[in-house]
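Q: To be precise about what I am sending: the file is called data.pdb and holds PDB, C-alpha atoms.
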ATOM      1  CA  MET A   1     -21.824 -38.276   1.105
ATOM      2  CA  SER A   2     -22.308 -39.650  -2.358
ATOM      3  CA  GLN A   3     -20.076 -41.297  -4.896
ATOM      4  CA  ALA A   4     -19.101 -37.813  -6.009
ATOM      5  CA  ALA A   5     -17.032 -37.487  -2.843
ATOM      6  CA  GLU A   6     -15.099 -40.638  -3.587
ATOM      7  CA  ARG A   7     -13.349 -39.223  -6.623
ATOM      8  CA  ALA A   8      -9.694 -38.482  -6.106
ATOM      9  CA  GLU A   9     -10.076 -34.745  -5.723
ATOM     10  CA  THR A  10      -8.736 -32.732  -2.855
ATOM     11  CA  ALA A  11      -9.606 -29.321  -1.553
ATOM     12  CA  PRO A  12      -6.811 -27.300   0.037
ATOM     13  CA  GLY A  13      -6.466 -28.436   3.647
ATOM     14  CA  ASP A  14      -7.849 -31.851   2.786
ATOM     15  CA  GLU A  15      -5.909 -34.933   3.734
ATOM     16  CA  SER A  16      -7.062 -36.800   0.632
ATOM     17  CA  GLY A  17     -10.090 -37.110  -1.593
ATOM     18  CA  HIS A  18     -11.447 -39.936   0.467
ATOM     19  CA  GLY A  19     -13.199 -39.689   3.780
ATOM     20  CA  GLU A  20     -10.813 -42.203   5.297
ATOM     21  CA  GLU A  21      -7.085 -41.721   5.439
ATOM     22  CA  GLY A  22      -4.437 -43.975   6.901
ATOM     23  CA  ALA A  23      -1.804 -43.279   9.528
ATOM     24  CA  GLY A  24      -0.087 -41.176   6.867
ATOM     25  CA  GLY A  25      -2.175 -38.232   8.040
ATOM     26  CA  VAL A  26      -0.541 -37.985  11.439
ATOM     27  CA  LEU A  27       2.830 -38.848   9.925
ATOM     28  CA  ALA A  28       2.569 -36.049   7.341
ATOM     29  CA  TYR A  29       1.732 -33.497  10.034
ATOM     30  CA  SER A  30       4.580 -34.751  12.220
ATOM     31  CA  VAL A  31       7.093 -34.522   9.363
ATOM     32  CA  GLY A  32       5.817 -31.001   8.657
ATOM     33  CA  LEU A  33       6.112 -30.065  12.322
ATOM     34  CA  GLY A  34       9.683 -31.397  12.457
ATOM     35  CA  LEU A  35      10.767 -29.539   9.313
ATOM     36  CA  ALA A  36       9.065 -26.316  10.366
ATOM     37  CA  ALA A  37      10.603 -26.516  13.851
ATOM     38  CA  LEU A  38      14.039 -27.171  12.350
ATOM     39  CA  LEU A  39      13.773 -24.168  10.016
ATOM     40  CA  THR A  40      12.520 -21.962  12.856
ATOM     41  CA  VAL A  41      15.362 -22.969  15.161
ATOM     42  CA  VAL A  42      17.906 -22.312  12.398
ATOM     43  CA  SER A  43      16.290 -18.911  11.714
ATOM     44  CA  PHE A  44      16.609 -17.887  15.352
ATOM     45  CA  THR A  45      20.098 -19.270  16.010
ATOM     46  CA  LEU A  46      21.838 -18.433  12.714
ATOM     47  CA  PRO A  47      22.180 -14.676  13.332
ATOM     48  CA  ALA A  48      22.866 -15.085  17.059
ATOM     49  CA  LEU A  49      25.779 -17.477  16.536
ATOM     50  CA  HIS A  50      27.384 -15.429  13.724
ATOM     51  CA  LEU A  51      27.632 -18.572  11.646
ATOM     52  CA  VAL A  52      27.208 -16.852   8.295
ATOM     53  CA  TRP A  53      28.872 -13.894   6.658
ATOM     54  CA  ALA A  54      26.943 -10.911   8.048
ATOM     55  CA  PRO A  55      25.954  -9.246   4.732
ATOM     56  CA  SER A  56      24.350 -12.497   3.564
ATOM     57  CA  LEU A  57      22.116 -12.646   6.636
ATOM     58  CA  PRO A  58      18.998 -10.966   5.130
ATOM     59  CA  ILE A  59      19.021 -13.361   2.181
ATOM     60  CA  ALA A  60      19.642 -16.371   4.411
ATOM     61  CA  LEU A  61      16.737 -15.454   6.708
ATOM     62  CA  ALA A  62      14.440 -14.762   3.741
ATOM     63  CA  VAL A  63      15.293 -18.138   2.200
ATOM     64  CA  LEU A  64      14.631 -19.905   5.509
ATOM     65  CA  ALA A  65      11.282 -18.108   5.888
ATOM     66  CA  ILE A  66      10.166 -18.922   2.342
ATOM     67  CA  ALA A  67      11.250 -22.539   2.814
ATOM     68  CA  GLN A  68       9.185 -22.734   5.993
ATOM     69  CA  MET A  69       6.163 -21.239   4.230
ATOM     70  CA  GLY A  70       6.608 -23.978   1.606
ATOM     71  CA  VAL A  71       6.711 -26.640   4.326
ATOM     72  CA  HIS A  72       3.483 -25.251   5.800
ATOM     73  CA  LEU A  73       1.772 -25.210   2.403
ATOM     74  CA  VAL A  74       2.743 -28.788   1.568
ATOM     75  CA  PHE A  75       2.437 -30.567   4.934
ATOM     76  CA  PHE A  76      -0.280 -28.523   6.686
ATOM     77  CA  LEU A  77      -2.397 -27.150   3.850
ATOM     78  CA  HIS A  78      -1.717 -30.206   1.662
ATOM     79  CA  LEU A  79      -1.054 -28.358  -1.561
ATOM     80  CA  THR A  80       0.516 -30.841  -3.940
ATOM     81  CA  SER A  81       1.583 -30.899  -7.551
ATOM     82  CA  GLY A  82      -0.990 -33.587  -8.354
ATOM     83  CA  PRO A  83      -3.556 -33.130 -11.122
ATOM     84  CA  ASP A  84      -6.343 -32.723  -8.547
ATOM     85  CA  ASN A  85      -4.593 -29.673  -7.107
ATOM     86  CA  VAL A  86      -4.028 -27.617 -10.255
ATOM     87  CA  ASN A  87      -6.689 -25.011  -9.430
ATOM     88  CA  ASN A  88      -5.384 -24.458  -5.908
ATOM     89  CA  VAL A  89      -1.780 -24.145  -7.030
ATOM     90  CA  LEU A  90      -2.683 -21.757  -9.881
ATOM     91  CA  ALA A  91      -4.611 -19.558  -7.443
ATOM     92  CA  LEU A  92      -1.609 -19.635  -5.115
ATOM     93  CA  ALA A  93       0.710 -18.667  -7.973
ATOM     94  CA  PHE A  94      -1.485 -15.654  -8.733
ATOM     95  CA  GLY A  95      -1.535 -14.706  -5.048
ATOM     96  CA  VAL A  96       2.255 -14.954  -4.835
ATOM     97  CA  LEU A  97       2.559 -12.737  -7.921
ATOM     98  CA  ILE A  98       0.383 -10.019  -6.359
ATOM     99  CA  VAL A  99       2.178 -10.269  -3.015
ATOM    100  CA  PHE A 100       5.541  -9.970  -4.757
ATOM    101  CA  LEU A 101       4.398  -6.976  -6.856
ATOM    102  CA  VAL A 102       3.000  -5.145  -3.843
ATOM    103  CA  ILE A 103       5.988  -5.694  -1.544
ATOM    104  CA  ALA A 104       8.862  -5.424  -4.027
ATOM    105  CA  GLY A 105       7.165  -2.615  -5.962
ATOM    106  CA  SER A 106       6.488  -0.526  -2.856
ATOM    107  CA  LEU A 107       9.993  -0.961  -1.477
ATOM    108  CA  TRP A 108      11.570  -0.181  -4.866
ATOM    109  CA  ILE A 109       9.470   2.943  -5.496
ATOM    110  CA  MET A 110       9.938   4.336  -1.993
ATOM    111  CA  TYR A 111      13.678   3.613  -2.037
ATOM    112  CA  GLU A 112      14.119   5.422  -5.369
ATOM    113  CA  MET A 113      12.021   8.311  -4.104
ATOM    114  CA  ASN A 114      14.140   8.633  -0.960
ATOM    115  CA  MET A 115      17.292   8.558  -3.070
ATOM    116  CA  ASN A 116      15.968  11.358  -5.283
ATOM    117  CA  MET A 117      14.902  13.424  -2.284
ATOM    118  CA  MET A 118      18.359  13.271  -0.704
ATOM    119  CA  GLY A 119      19.639  16.287  -2.671
ATOM    120  CA  HIS A 120      17.082  18.538  -0.998
ATOM    121  CA  GLY A 121      18.446  17.983   2.470
ATOM    122  CA  ALA A 122      16.147  15.182   3.556
ATOM    123  CA  MET A 123      18.024  12.223   4.955
ATOM    124  CA  ARG A 124      15.607   9.341   5.262
ATOM    125  CA  MET A 125      11.875   9.370   5.387
TER     126      MET A 125
ATOM    127  CA  MET B 126     -28.885 -34.807   4.604
ATOM    128  CA  SER B 127     -26.671 -36.783   2.274
ATOM    129  CA  ALA B 128     -29.408 -36.566  -0.357
ATOM    130  CA  THR B 129     -29.444 -32.760  -0.230
ATOM    131  CA  ALA B 130     -25.657 -32.639  -0.184
ATOM    132  CA  ALA B 131     -25.545 -34.816  -3.279
ATOM    133  CA  ALA B 132     -28.181 -32.635  -4.937
ATOM    134  CA  HIS B 133     -26.060 -29.582  -4.223
ATOM    135  CA  ALA B 134     -23.003 -31.314  -5.562
ATOM    136  CA  ASP B 135     -24.826 -32.297  -8.728
ATOM    137  CA  HIS B 136     -26.699 -29.078  -9.535
ATOM    138  CA  GLY B 137     -25.380 -26.239  -7.417
ATOM    139  CA  VAL B 138     -21.945 -25.964  -8.977
ATOM    140  CA  ALA B 139     -22.519 -26.964 -12.575
ATOM    141  CA  GLY B 140     -20.349 -24.069 -13.733
ATOM    142  CA  ILE B 141     -17.123 -25.874 -12.958
ATOM    143  CA  ALA B 142     -18.076 -29.225 -14.432
ATOM    144  CA  SER B 143     -15.232 -31.252 -15.873
ATOM    145  CA  HIS B 144     -15.263 -34.462 -17.856
ATOM    146  CA  GLN B 145     -15.924 -36.209 -14.540
ATOM    147  CA  GLY B 146     -18.962 -34.087 -13.805
ATOM    148  CA  PRO B 147     -19.276 -31.237 -11.340
ATOM    149  CA  ALA B 148     -16.872 -31.105  -8.415
ATOM    150  CA  PRO B 149     -18.158 -32.149  -4.977
ATOM    151  CA  LYS B 150     -19.232 -29.333  -2.701
ATOM    152  CA  ARG B 151     -16.253 -29.977  -0.410
ATOM    153  CA  ILE B 152     -13.901 -29.110  -3.277
ATOM    154  CA  VAL B 153     -15.781 -25.957  -4.229
ATOM    155  CA  THR B 154     -15.995 -24.757  -0.619
ATOM    156  CA  GLY B 155     -12.310 -25.396  -0.038
ATOM    157  CA  TYR B 156     -11.348 -23.632  -3.248
ATOM    158  CA  GLY B 157     -13.496 -20.608  -2.426
ATOM    159  CA  PHE B 158     -12.035 -20.335   1.051
ATOM    160  CA  TRP B 159      -8.539 -20.730  -0.380
ATOM    161  CA  ILE B 160      -9.223 -17.719  -2.648
ATOM    162  CA  PHE B 161     -10.315 -15.749   0.420
ATOM    163  CA  LEU B 162      -7.107 -16.696   2.231
ATOM    164  CA  LEU B 163      -5.040 -15.571  -0.740
ATOM    165  CA  SER B 164      -6.829 -12.207  -0.664
ATOM    166  CA  ASP B 165      -5.934 -12.061   3.038
ATOM    167  CA  PHE B 166      -2.299 -12.664   2.082
ATOM    168  CA  VAL B 167      -2.555  -9.719  -0.325
ATOM    169  CA  ILE B 168      -3.835  -7.500   2.513
ATOM    170  CA  PHE B 169      -0.915  -8.584   4.656
ATOM    171  CA  SER B 170       1.489  -7.943   1.783
ATOM    172  CA  CYS B 171       0.356  -4.284   1.864
ATOM    173  CA  LEU B 172       1.056  -4.171   5.605
ATOM    174  CA  PHE B 173       4.460  -5.814   5.096
ATOM    175  CA  ALA B 174       5.252  -3.250   2.378
ATOM    176  CA  THR B 175       4.210  -0.436   4.759
ATOM    177  CA  TRP B 176       6.461  -1.905   7.416
ATOM    178  CA  GLY B 177       9.391  -2.153   5.003
ATOM    179  CA  VAL B 178       8.964   1.467   3.907
ATOM    180  CA  LEU B 179       8.486   2.952   7.387
ATOM    181  CA  VAL B 180      10.795   0.802   9.505
ATOM    182  CA  HIS B 181      13.516   3.484   9.659
ATOM    183  CA  SER B 182      11.093   6.378  10.202
ATOM    184  CA  THR B 183      11.560   6.391  13.959
ATOM    185  CA  ALA B 184      11.131  10.161  14.563
ATOM    186  CA  ASP B 185      14.173  10.080  16.890
ATOM    187  CA  GLY B 186      12.304   7.577  19.048
ATOM    188  CA  PRO B 187      13.183   3.952  19.777
ATOM    189  CA  THR B 188      14.306   1.779  16.859
ATOM    190  CA  THR B 189      13.833  -1.927  16.184
ATOM    191  CA  HIS B 190      17.082  -2.565  18.066
ATOM    192  CA  ASP B 191      15.716  -1.133  21.308
ATOM    193  CA  LEU B 192      12.312  -2.749  21.648
ATOM    194  CA  PHE B 193      12.092  -6.413  20.732
ATOM    195  CA  ASP B 194      12.641  -9.402  23.001
ATOM    196  CA  LEU B 195      13.487 -12.435  20.862
ATOM    197  CA  ASN B 196      12.880 -14.879  23.717
ATOM    198  CA  THR B 197       9.215 -13.892  23.807
ATOM    199  CA  VAL B 198       9.036 -14.124  20.033
ATOM    200  CA  ALA B 199      10.557 -17.618  20.113
ATOM    201  CA  ILE B 200       7.945 -18.785  22.629
ATOM    202  CA  GLU B 201       5.177 -17.179  20.540
ATOM    203  CA  THR B 202       6.498 -18.937  17.436
ATOM    204  CA  ALA B 203       6.649 -22.321  19.172
ATOM    205  CA  ALA B 204       3.129 -21.859  20.567
ATOM    206  CA  LEU B 205       1.659 -21.018  17.168
ATOM    207  CA  LEU B 206       3.484 -23.847  15.389
ATOM    208  CA  LEU B 207       2.387 -26.455  17.942
ATOM    209  CA  SER B 208      -1.112 -24.983  17.807
ATOM    210  CA  SER B 209      -1.126 -25.517  14.037
ATOM    211  CA  TYR B 210      -0.013 -29.124  14.577
ATOM    212  CA  ALA B 211      -2.760 -29.736  17.158
ATOM    213  CA  CYS B 212      -5.276 -28.247  14.721
ATOM    214  CA  GLY B 213      -4.128 -30.729  12.070
ATOM    215  CA  LEU B 214      -4.557 -33.605  14.523
ATOM    216  CA  ALA B 215      -8.051 -32.314  15.356
ATOM    217  CA  GLY B 216      -8.895 -32.462  11.643
ATOM    218  CA  ILE B 217      -7.720 -36.081  11.462
ATOM    219  CA  ALA B 218      -9.717 -36.954  14.597
ATOM    220  CA  ALA B 219     -12.802 -35.407  12.988
ATOM    221  CA  GLN B 220     -12.302 -37.445   9.814
ATOM    222  CA  ARG B 221     -12.127 -40.572  11.980
ATOM    223  CA  ARG B 222     -15.240 -39.463  13.912
ATOM    224  CA  ARG B 223     -13.424 -39.526  17.251
ATOM    225  CA  ALA B 224     -15.332 -36.861  19.164
ATOM    226  CA  ALA B 225     -13.283 -36.936  22.398
ATOM    227  CA  ALA B 226      -9.916 -36.792  20.627
ATOM    228  CA  PHE B 227     -11.240 -33.995  18.420
ATOM    229  CA  GLN B 228     -12.368 -31.869  21.366
ATOM    230  CA  ILE B 229      -9.082 -32.417  23.225
ATOM    231  CA  CYS B 230      -6.996 -31.469  20.168
ATOM    232  CA  MET B 231      -9.130 -28.364  19.621
ATOM    233  CA  LEU B 232      -8.688 -27.408  23.297
ATOM    234  CA  VAL B 233      -4.898 -27.763  22.943
ATOM    235  CA  THR B 234      -5.074 -25.649  19.774
ATOM    236  CA  ALA B 235      -7.055 -23.001  21.637
ATOM    237  CA  ALA B 236      -4.766 -23.033  24.687
ATOM    238  CA  LEU B 237      -1.631 -22.558  22.565
ATOM    239  CA  GLY B 238      -3.349 -19.870  20.505
ATOM    240  CA  ALA B 239      -4.385 -18.091  23.697
ATOM    241  CA  LEU B 240      -0.802 -18.337  25.001
ATOM    242  CA  PHE B 241       0.417 -16.711  21.779
ATOM    243  CA  LEU B 242      -2.191 -13.980  22.050
ATOM    244  CA  GLY B 243      -1.427 -13.351  25.732
ATOM    245  CA  LEU B 244       2.295 -12.929  25.056
ATOM    246  CA  GLU B 245       1.577 -10.602  22.149
ATOM    247  CA  LEU B 246      -0.852  -8.462  24.157
ATOM    248  CA  ASN B 247       1.680  -8.335  26.993
ATOM    249  CA  GLU B 248       4.321  -7.065  24.555
ATOM    250  CA  PHE B 249       1.907  -4.445  23.193
ATOM    251  CA  TRP B 250       0.955  -3.403  26.714
ATOM    252  CA  ASP B 251       4.611  -2.968  27.742
ATOM    253  CA  LEU B 252       5.328  -0.854  24.665
ATOM    254  CA  VAL B 253       2.311   1.387  25.213
ATOM    255  CA  ALA B 254       3.115   1.713  28.928
ATOM    256  CA  LYS B 255       6.642   2.899  28.050
ATOM    257  CA  GLY B 256       5.152   5.561  25.778
ATOM    258  CA  ASP B 257       6.115   3.625  22.630
ATOM    259  CA  GLY B 258       2.572   3.175  21.390
ATOM    260  CA  PRO B 259       1.491   3.408  17.755
ATOM    261  CA  GLN B 260       1.380   7.227  17.922
ATOM    262  CA  ARG B 261       5.093   7.494  18.832
ATOM    263  CA  SER B 262       6.497   7.183  15.289
ATOM    264  CA  ALA B 263       5.648   5.920  11.804
ATOM    265  CA  PHE B 264       7.791   2.872  12.546
ATOM    266  CA  LEU B 265       5.683   1.993  15.599
ATOM    267  CA  SER B 266       2.445   2.707  13.726
ATOM    268  CA  ALA B 267       3.512   0.216  11.049
ATOM    269  CA  PHE B 268       4.569  -2.294  13.719
ATOM    270  CA  PHE B 269       1.279  -2.170  15.600
ATOM    271  CA  THR B 270      -0.743  -2.303  12.383
ATOM    272  CA  LEU B 271       1.054  -5.330  10.950
ATOM    273  CA  VAL B 272       1.484  -7.396  14.114
ATOM    274  CA  GLY B 273      -1.844  -6.196  15.536
ATOM    275  CA  CYS B 274      -3.678  -7.234  12.366
ATOM    276  CA  HIS B 275      -2.213 -10.724  12.711
ATOM    277  CA  GLY B 276      -3.208 -10.767  16.389
ATOM    278  CA  LEU B 277      -6.732  -9.742  15.414
ATOM    279  CA  HIS B 278      -6.859 -12.672  13.002
ATOM    280  CA  VAL B 279      -5.753 -15.031  15.794
ATOM    281  CA  SER B 280      -8.453 -13.598  18.091
ATOM    282  CA  LEU B 281     -11.157 -14.139  15.470
ATOM    283  CA  GLY B 282      -9.706 -17.600  14.811
ATOM    284  CA  LEU B 283     -10.087 -18.458  18.497
ATOM    285  CA  LEU B 284     -13.710 -17.342  18.390
ATOM    286  CA  TRP B 285     -14.248 -19.531  15.315
ATOM    287  CA  LEU B 286     -12.446 -22.430  17.028
ATOM    288  CA  PHE B 287     -14.811 -22.416  20.017
ATOM    289  CA  THR B 288     -17.766 -22.139  17.628
ATOM    290  CA  MET B 289     -16.547 -25.250  15.788
ATOM    291  CA  MET B 290     -16.090 -27.159  19.064
ATOM    292  CA  ALA B 291     -19.689 -26.309  20.001
ATOM    293  CA  GLN B 292     -21.024 -27.190  16.550
ATOM    294  CA  ALA B 293     -19.209 -30.526  16.427
ATOM    295  CA  PHE B 294     -20.496 -31.289  19.924
ATOM    296  CA  ALA B 295     -24.097 -30.299  19.204
ATOM    297  CA  LYS B 296     -24.474 -31.460  15.591
ATOM    298  CA  GLY B 297     -21.873 -34.205  15.212
ATOM    299  CA  PHE B 298     -19.529 -34.664  12.270
ATOM    300  CA  ARG B 299     -22.019 -33.889   9.513
ATOM    301  CA  ALA B 300     -20.766 -33.122   6.024
ATOM    302  CA  ASP B 301     -21.393 -29.382   6.402
ATOM    303  CA  ILE B 302     -19.663 -29.319   9.805
ATOM    304  CA  LEU B 303     -16.660 -31.120   8.321
ATOM    305  CA  ARG B 304     -16.496 -28.515   5.528
ATOM    306  CA  ARG B 305     -16.491 -25.718   8.097
ATOM    307  CA  LEU B 306     -13.788 -27.539  10.031
ATOM    308  CA  MET B 307     -11.692 -27.793   6.870
ATOM    309  CA  CYS B 308     -12.046 -24.034   6.338
ATOM    310  CA  PHE B 309     -11.136 -23.311   9.954
ATOM    311  CA  SER B 310      -8.105 -25.562   9.699
ATOM    312  CA  LEU B 311      -6.994 -23.725   6.517
ATOM    313  CA  PHE B 312      -7.452 -20.383   8.272
ATOM    314  CA  TRP B 313      -5.439 -21.448  11.314
ATOM    315  CA  HIS B 314      -2.560 -22.834   9.214
ATOM    316  CA  ALA B 315      -2.574 -19.658   7.080
ATOM    317  CA  LEU B 316      -2.119 -17.560  10.238
ATOM    318  CA  ASP B 317       1.024 -19.545  10.960
ATOM    319  CA  ILE B 318       2.342 -18.797   7.456
ATOM    320  CA  ILE B 319       1.801 -15.064   8.043
ATOM    321  CA  TRP B 320       3.568 -15.363  11.388
ATOM    322  CA  VAL B 321       6.645 -16.872   9.674
ATOM    323  CA  GLY B 322       6.825 -13.679   7.621
ATOM    324  CA  ILE B 323       6.371 -11.514  10.716
ATOM    325  CA  PHE B 324       8.976 -13.144  12.936
ATOM    326  CA  THR B 325      11.470 -12.983  10.074
ATOM    327  CA  ALA B 326      10.760  -9.554   8.560
ATOM    328  CA  VAL B 327       9.853  -7.734  11.768
ATOM    329  CA  TYR B 328      11.660  -9.349  14.676
ATOM    330  CA  LEU B 329      14.760 -11.096  13.281
ATOM    331  CA  TYR B 330      15.474  -8.396  10.670
ATOM    332  CA  GLY B 331      14.665  -5.740  13.279
ATOM    333  CA  VAL B 332      17.048  -7.072  15.905
ATOM    334  CA  TYR B 333      19.942  -8.237  13.747
ATOM    335  CA  LEU B 334      20.009  -5.919  10.717
TER     336      LEU B 334
END
Please express the file's structure as structure tokens.

A:
Amino acid sequence: MSQAAERAETAPGDESGHGEEGAGGVLAYSVGLGLAALLTVVSFTLPALHLVWAPSLPIALAVLAIAQMGVHLVFFLHLTSGPDNVNNVLALAFGVLIVFLVIAGSLWIMYEMNMNMMGHGAMRM
Amino acid sequence: MSATAAAHADHGVAGIASHQGPAPKRIVTGYGFWIFLLSDFVIFSCLFATWGVLVHSTADGPTTHDLFDLNTVAIETAALLLSSYACGLAGIAAQRRRAAAFQICMLVTAALGALFLGLELNEFWDLVAKGDGPQRSAFLSAFFTLVGCHGLHVSLGLLWLFTMMAQAFAKGFRADILRRLMCFSLFWHALDIIWVGIFTAVYLYGVYL
């Protein structure tokens, strides 16, 4: 490519702005794999071993899942907080906002609706 | 080739010029594909919301506690995670222009992806054979839609993967091929992110809550 490609800019999924990258590439993926595997194993064993107070389980699993998504974004998709990544991170922030609105909004609305329907003899949807 | 690529980089994307000049085509392509992936996440968020709303609507049929086998899910999860890792290694091999290593890593990626898909199809087949197909209850409709949509993405990803292996073999690691590889790698990693949501919200929540 040209000198344009040599600027320190990275697309999402890119290892770095430069065509060459050192051994850090493999290392970054391996660290990501280790962290993701650790979080997965904890997710699967935590409820089975009754290690945490049962009512806190949904929150604990959600936190583990979101942490693992973060690990994937940083180590596999190479989203960083660097100045070259501002556009990608802003787009992600917008995506997260929409995802949150859709999921939390739907669950909230349908839960309230079910609550209000209870008086008419309907149990759950 | 490099002359046309540079021309594209200089004139094709003038709209996003910064003080350094227009961004290279690799950046623009990656950003555009990233926007597409985010829109895919939004689609999946609708399916997750549907799942959350309908999960208790079992129509007196089987519930989440009756159907899921966490051992299978654990193997599926491991397969997809390792597949993502192999895909990352394939990307590094491509950047270093190591054709043999690239093809081997892509084959490992494909094999693990196919293992995931086989286990998932087997699960679906067992459910349908027991009469617990998507038409059994709203809960099962939501389950098949959400997990099936992810499986469909993995299937299309596999198709794309073999296409990229063929293109890298036939055309070498040209700049445009490397851009496509970057997009494929993003897509494959994004599937793993969706799967994290599925094994937590569908399987772990379903079995333990």

Q: With only C-alpha atoms as the counted atoms, please give the residues lying no more than 8 Å from stretch 186-188 of chain B, apart from itself and same-chain residues fewer than 2 positions off, as number ranges by chain.

A: B: 181, 183-184, 190-192, 257, 261-262, 264

Q: Restricting the output to C-alpha atoms, write the selected residues as a CSV table (one decimal), keeping the file's coordinate frame.

A:
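Here's the written file part.csv:
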chain,number,residue,atom,x,y,z
B,181,HIS,CA,13.5,3.5,9.7
B,183,THR,CA,11.6,6.4,14.0
B,184,ALA,CA,11.1,10.2,14.6
B,190,HIS,CA,17.1,-2.6,18.1
B,191,ASP,CA,15.7,-1.1,21.3
B,192,LEU,CA,12.3,-2.7,21.6
B,257,ASP,CA,6.1,3.6,22.6
B,261,ARG,CA,5.1,7.5,18.8
B,262,SER,CA,6.5,7.2,15.3
B,264,PHE,CA,7.8,2.9,12.5

Q: Run the PyMOL selection byres ((chain B and resi 316-319) around 8) on the file and write out the hits as a list in words.

A: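 Selected by the PyMOL selection byres ((chain B and resi 316-319) around 8) here: Met69 and His72 of chain A; Phe166, Phe169, Leu205, Leu206, Ser209, His275, His278, Val279, Phe312, Trp313, His314, Ala315, Trp320, Val321, Gly322 and Ile323 of chain B.
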
Q: Would you kindly return, as an mmCIF file with C-alpha atoms, in the frame of the given file, each protein, DNA or RNA residue with an atom no farther than 9 Å from any atom of B:Ala235, considering only C-alpha atoms and excluding same-chain residues fewer than 6 positions away?

A:
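part.cif, written as the output of this step:
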data_model
loop_
_atom_site.group_PDB
_atom_site.id
_atom_site.type_symbol
_atom_site.label_atom_id
_atom_site.label_comp_id
_atom_site.auth_asym_id
_atom_site.auth_seq_id
_atom_site.Cartn_x
_atom_site.Cartn_y
_atom_site.Cartn_z
ATOM 1 C CA SER B 208 -1.112 -24.983 17.807
ATOM 2 C CA CYS B 212 -5.276 -28.247 14.721
ATOM 3 C CA LEU B 283 -10.087 -18.458 18.497
ATOM 4 C CA LEU B 286 -12.446 -22.430 17.028
ATOM 5 C CA PHE B 287 -14.811 -22.416 20.017
#

Q: Using all atoms listed in the file, find the one residue out of A:Leu90, A:Gly32, A:Val71, A:Val99 that sits nearest to chain B.

A: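 Using all atoms listed in the file, chain B sits closest to A:Val99.
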
Q: Just give me the gap between atom CA of B:Phe324 and atom CA of A:Leu97 in Å, one decimal is fine.

A: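 Atom-to-atom, atom CA of B:Phe324 to atom CA of A:Leu97, that is 21.8 Å.
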
Q: With all atoms listed in the file as the basis for distance, which of B:Met231, B:Ile160, B:Leu242, B:Val272 is at the shortest distance from chain A?

A: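 Residue with the minimum atom-to-atom distance to chain A: B:Ile160.
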
Q: Would you be able to write out as a VMD selection string which residues have an atom within 9 Å of (-16.4, -27.8, -2.6) in the file's coordinates, counting all atoms listed in the file?

A: (chain A and resid 11) or (chain B and resid 134 138 148 to 157 304)

Q: What is the distance between atom CA of B:Leu284 and atom CA of B:Arg299, in Å to one decimal?

A: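 Taking atom CA of B:Leu284 and atom CA of B:Arg299, their separation equals 20.5 Å.
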
Q: Kindly indicate which residue among A:Ile103, A:Leu77, A:Ala67, A:Val96 lies nearest to B:Phe173, using only C-alpha atoms for the distances.

A: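 The shortest atom-to-atom distance to B:Phe173 comes from A:Ile103.
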
Q: Can you measure atom CA of B:Cys171 to atom CA of A:Pro58 for me? One decimal in Å is fine.

A: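 Rounded to one decimal, the two atoms are 20.1 Å apart.
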
Q: For this structure, which residues satisfy the selection - the PyMOL selection byres ((chain A and resi 33) around 9) - when it is evaluated on the file as given? I want them as a PyMOL selection string.

A: (chain A and resi 28-32+34-38+71-72+75-76) or (chain B and resi 206-207+209-210)

Q: Produce a file of the selected residues containing C-alpha atoms, as a PDB file, keeping the file's coordinate frame.

A:
ATOM      1  CA  ALA A  28       2.569 -36.049   7.341  1.00  0.00           C
ATOM      2  CA  TYR A  29       1.732 -33.497  10.034  1.00  0.00           C
ATOM      3  CA  SER A  30       4.580 -34.751  12.220  1.00  0.00           C
ATOM      4  CA  VAL A  31       7.093 -34.522   9.363  1.00  0.00           C
ATOM      5  CA  GLY A  32       5.817 -31.001   8.657  1.00  0.00           C
ATOM      6  CA  GLY A  34       9.683 -31.397  12.457  1.00  0.00           C
ATOM      7  CA  LEU A  35      10.767 -29.539   9.313  1.00  0.00           C
ATOM      8  CA  ALA A  36       9.065 -26.316  10.366  1.00  0.00           C
ATOM      9  CA  ALA A  37      10.603 -26.516  13.851  1.00  0.00           C
ATOM     10  CA  LEU A  38      14.039 -27.171  12.350  1.00  0.00           C
ATOM     11  CA  VAL A  71       6.711 -26.640   4.326  1.00  0.00           C
ATOM     12  CA  HIS A  72       3.483 -25.251   5.800  1.00  0.00           C
ATOM     13  CA  PHE A  75       2.437 -30.567   4.934  1.00  0.00           C
ATOM     14  CA  PHE A  76      -0.280 -28.523   6.686  1.00  0.00           C
TER      15      PHE A  76
ATOM     16  CA  LEU B 206       3.484 -23.847  15.389  1.00  0.00           C
ATOM     17  CA  LEU B 207       2.387 -26.455  17.942  1.00  0.00           C
ATOM     18  CA  SER B 209      -1.126 -25.517  14.037  1.00  0.00           C
ATOM     19  CA  TYR B 210      -0.013 -29.124  14.577  1.00  0.00           C
TER      20      TYR B 210
END

Q: How would you write, as a list of chain:residue names, the residues chosen by the PyMOL selection byres ((chain A and resi 95) around 12) on this structure?

A: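 Listing what the PyMOL selection byres ((chain A and resi 95) around 12) selects in the shown file: A:Asn88, A:Val89, A:Leu90, A:Ala91, A:Leu92, A:Ala93, A:Phe94, A:Val96, A:Leu97, A:Ile98, A:Val99, A:Phe100, A:Leu101, A:Val102, B:Trp159, B:Ile160, B:Phe161, B:Leu162, B:Leu163, B:Ser164, B:Asp165, B:Phe166, B:Val167, B:Ile168, B:Phe169, B:Ser170.
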